[in-house]
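*Asks:* First the structure, then my questions, so here it is.
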Amino acid sequence: MPIAVPPVSWPRRQRLDPVGGGYLDKQGRRAAFFTLPMPPSANNMFINTGRGRARSEAYNAWINEAGWELRRQRVPKLKGRVRVNIRLERPSVGKADVDNRIKPVLDLLQTMGVLTDDSLVWDVRAVWAAQNSGKKTVQGARVGVVEMDAPVDAAAPKK
(Lines give C-alpha, C1' and ligand atoms only; values in the text may rest on other atoms or scores of the structure.)
Protein backbone atom coordinates (compact mmCIF):
# COMPACT_ATOMS: atom_id res chain seq x y z
CA MET A 1 0.00 0.00 0.00
CA PRO A 2 1.58 3.33 -1.06
CA ILE A 3 2.06 6.00 1.57
CA ALA A 4 0.22 9.26 0.92
CA VAL A 5 2.56 12.21 1.11
CA PRO A 6 0.94 15.60 1.76
CA PRO A 7 1.82 18.29 -0.79
CA VAL A 8 4.35 20.94 0.11
CA SER A 9 2.56 24.02 1.35
CA TRP A 10 3.69 26.95 -0.74
CA PRO A 11 3.88 30.36 0.93
CA ARG A 12 1.20 32.66 -0.44
CA ARG A 13 2.40 35.60 -2.52
CA GLN A 14 0.99 38.49 -0.54
CA ARG A 15 2.47 41.64 -2.03
CA LEU A 16 5.37 42.80 -4.13
CA ASP A 17 8.55 43.85 -2.36
CA PRO A 18 9.18 47.40 -3.66
CA VAL A 19 12.83 47.44 -2.55
CA GLY A 20 14.45 44.14 -3.49
CA GLY A 21 11.99 42.59 -5.94
CA GLY A 22 10.21 39.30 -5.40
CA TYR A 23 7.36 38.97 -2.94
CA LEU A 24 6.72 39.38 0.77
CA ASP A 25 4.93 36.55 2.59
CA LYS A 26 2.42 37.07 5.43
CA GLN A 27 5.23 37.59 7.96
CA GLY A 28 6.97 40.17 5.74
CA ARG A 29 9.80 37.84 4.69
CA ARG A 30 11.14 38.18 1.14
CA ALA A 31 10.34 35.31 -1.19
CA ALA A 32 10.94 34.30 -4.80
CA PHE A 33 8.86 31.90 -6.90
CA PHE A 34 10.01 30.67 -10.30
CA THR A 35 10.09 27.73 -12.69
CA LEU A 36 13.09 25.94 -14.14
CA PRO A 37 13.61 23.26 -16.75
CA MET A 38 13.82 19.78 -15.25
CA PRO A 39 17.18 19.56 -13.43
CA PRO A 40 19.48 16.66 -14.23
CA SER A 41 20.07 13.96 -11.66
CA ALA A 42 23.07 14.56 -9.39
CA ASN A 43 24.35 11.22 -10.72
CA ASN A 44 24.69 12.78 -14.20
CA MET A 45 26.22 16.15 -13.29
CA PHE A 46 29.86 15.14 -13.72
CA ILE A 47 31.88 12.75 -15.84
CA ASN A 48 35.29 11.19 -15.23
CA THR A 49 38.06 12.36 -17.54
CA GLY A 50 41.75 11.55 -17.76
CA ARG A 51 42.40 14.64 -15.61
CA GLY A 52 39.73 14.07 -12.96
CA ARG A 53 36.07 15.08 -13.02
CA ALA A 54 34.36 17.64 -15.23
CA ARG A 55 30.83 18.89 -15.75
CA SER A 56 28.86 16.75 -18.18
CA GLU A 57 27.63 18.24 -21.46
CA ALA A 58 24.01 17.75 -20.37
CA TYR A 59 24.66 19.55 -17.05
CA ASN A 60 26.33 22.49 -18.82
CA ALA A 61 23.38 22.74 -21.20
CA TRP A 62 20.93 22.72 -18.27
CA ILE A 63 22.91 25.40 -16.37
CA ASN A 64 22.85 27.62 -19.46
CA GLU A 65 19.11 27.13 -20.10
CA ALA A 66 18.11 27.42 -16.43
CA GLY A 67 20.35 30.48 -15.92
CA TRP A 68 18.62 32.31 -18.78
CA GLU A 69 15.26 31.27 -17.37
CA LEU A 70 16.17 32.80 -13.97
CA ARG A 71 17.20 36.05 -15.69
CA ARG A 72 14.00 36.11 -17.76
CA GLN A 73 11.87 35.75 -14.61
CA ARG A 74 13.92 38.41 -12.78
CA VAL A 75 14.47 36.32 -9.67
CA PRO A 76 15.70 38.59 -6.85
CA LYS A 77 18.81 38.02 -4.74
CA LEU A 78 17.98 36.74 -1.25
CA LYS A 79 20.09 37.19 1.87
CA GLY A 80 20.71 35.03 4.89
CA ARG A 81 19.14 31.71 5.78
CA VAL A 82 16.48 30.44 3.40
CA ARG A 83 13.84 27.75 3.08
CA VAL A 84 13.59 26.09 -0.35
CA ASN A 85 10.58 24.17 -1.74
CA ILE A 86 10.99 22.30 -5.04
CA ARG A 87 8.10 20.66 -6.88
CA LEU A 88 9.19 18.46 -9.78
CA GLU A 89 7.54 16.91 -12.80
CA ARG A 90 7.92 13.15 -12.43
CA PRO A 91 9.76 11.58 -15.37
CA SER A 92 7.45 9.27 -17.33
CA VAL A 93 10.05 6.55 -17.93
CA GLY A 94 12.42 4.76 -15.58
CA LYS A 95 13.11 5.24 -11.92
CA ALA A 96 14.08 8.60 -10.51
CA ASP A 97 15.04 9.78 -7.02
CA VAL A 98 13.63 13.15 -6.04
CA ASP A 99 16.63 13.87 -3.78
CA ASN A 100 19.05 13.70 -6.75
CA ARG A 101 17.36 16.79 -8.25
CA ILE A 102 18.05 19.08 -5.25
CA LYS A 103 21.80 19.66 -5.66
CA PRO A 104 21.69 21.00 -9.24
CA VAL A 105 18.97 23.52 -8.26
CA LEU A 106 20.85 24.78 -5.17
CA ASP A 107 24.15 25.01 -7.08
CA LEU A 108 22.42 27.01 -9.83
CA LEU A 109 20.91 29.44 -7.29
CA GLN A 110 24.37 30.07 -5.85
CA THR A 111 26.03 30.37 -9.27
CA MET A 112 23.42 32.91 -10.43
CA GLY A 113 23.69 34.94 -7.21
CA VAL A 114 20.16 34.27 -5.96
CA LEU A 115 21.77 32.81 -2.81
CA THR A 116 25.07 34.04 -1.45
CA ASP A 117 25.97 30.50 -0.40
CA ASP A 118 23.99 27.27 -0.61
CA SER A 119 25.19 26.42 2.92
CA LEU A 120 22.59 29.01 4.06
CA VAL A 121 19.77 26.69 2.98
CA TRP A 122 18.40 25.56 6.35
CA ASP A 123 15.30 23.77 5.11
CA VAL A 124 14.87 22.10 1.73
CA ARG A 125 11.90 20.05 0.54
CA ALA A 126 11.48 18.33 -2.78
CA VAL A 127 8.41 16.44 -3.96
CA TRP A 128 7.10 14.95 -7.17
CA ALA A 129 4.12 17.04 -8.29
CA ALA A 130 0.79 15.25 -8.20
CA GLN A 131 -0.67 14.57 -11.63
CA ASN A 132 -4.38 15.35 -11.93
CA SER A 133 -6.32 13.05 -14.26
CA GLY A 134 -3.45 12.68 -16.69
CA LYS A 135 -2.75 16.43 -16.93
CA LYS A 136 0.69 17.64 -15.92
CA THR A 137 0.49 20.21 -13.13
CA VAL A 138 4.19 21.09 -13.21
CA GLN A 139 6.49 21.36 -16.22
CA GLY A 140 10.11 20.90 -15.12
CA ALA A 141 10.57 22.31 -11.62
CA ARG A 142 8.65 24.91 -9.63
CA VAL A 143 10.82 26.49 -6.94
CA GLY A 144 9.94 28.69 -3.98
CA VAL A 145 12.65 30.30 -1.84
CA VAL A 146 11.75 32.22 1.34
CA GLU A 147 14.12 34.12 3.62
CA MET A 148 13.98 32.98 7.23
CA ASP A 149 13.49 35.65 9.88
CA ALA A 150 16.55 34.99 12.11
CA PRO A 151 19.72 36.87 11.10
CA VAL A 152 22.52 34.72 9.71
CA ASP A 153 25.14 35.95 12.18
CA ALA A 154 23.07 34.87 15.20
CA ALA A 155 22.68 31.31 13.95
CA ALA A 156 26.03 30.72 12.24
CA PRO A 157 28.52 28.62 14.20
CA LYS A 158 31.63 30.44 15.42
CA LYS A 159 34.95 29.36 13.87
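Going through the C-alpha coordinates in order, the chains are called A, B, and so on, while each chain numbers its residues from 1 and the ligands are numbered from 1 in the order shown.
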Excluding segment 72-88 of chain A and any residue of its chain fewer than 2 positions from it, enumerate the residues within 7 Å of it, using only C-alpha atoms, and give them as JSON, numbers by chain.
*Replies:* {"A": [20, 21, 22, 32, 34, 68, 69, 70, 90, 113, 114, 115, 116, 120, 121, 122, 123, 124, 125, 126, 127, 128, 129, 138, 140, 141, 142, 143, 144, 145, 146, 147, 148, 151, 152]}
*Asks:* When distances are computed from only C-alpha atoms, which of A:Glu57, A:Ala66, A:Ser41, A:Gly50 shows the smallest separation from Ala96 of chain A?
*Replies:*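 The closest residue to Ala96 of chain A is A:Ser41.
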*Asks:* Quick one, how far is atom CA of Trp62 of chain A from atom CA of Met38 of chain A?
*Replies:*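 Spanning atom CA of Trp62 of chain A to atom CA of Met38 of chain A is a straight-line distance of 8.3 Å.
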*Asks:* Nearest residue to Met112 of chain A out of A:Gly67, A:Pro39, A:Ile47, A:Tyr23, using only C-alpha atoms?
*Replies:*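 Nearest candidate to Met112 of chain A out of A:Gly67, A:Pro39, A:Ile47, A:Tyr23: A:Gly67.
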*Asks:* Between A:Tyr59, A:Asn44, A:Ala130, A:Gly52, which one has atoms that come closest to Asn100 of chain A, using only C-alpha atoms?
*Replies:*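 Using only C-alpha atoms, the shortest distance to Asn100 of chain A belongs to A:Asn44.
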*Asks:* Pick from A:Thr35, A:Pro91, A:Arg51, A:Ala58: nearest to Val105 of chain A, with only C-alpha atoms counted?
*Replies:*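 Of the candidates, the smallest distance to Val105 of chain A is held by A:Thr35.
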*Asks:* So how many Å separate atom CA of Glu89 of chain A and atom CA of Arg53 of chain A, to one decimal?
*Replies:*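 According to the coordinates, atom CA of Glu89 of chain A and atom CA of Arg53 of chain A are separated by 28.6 Å.
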*Asks:* Rounded to one decimal place, report the atom CA of Leu106 of chain A-atom CA of Asn48 of chain A distance in Å.
*Replies:*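 Those two atoms sit 22.2 Å apart.
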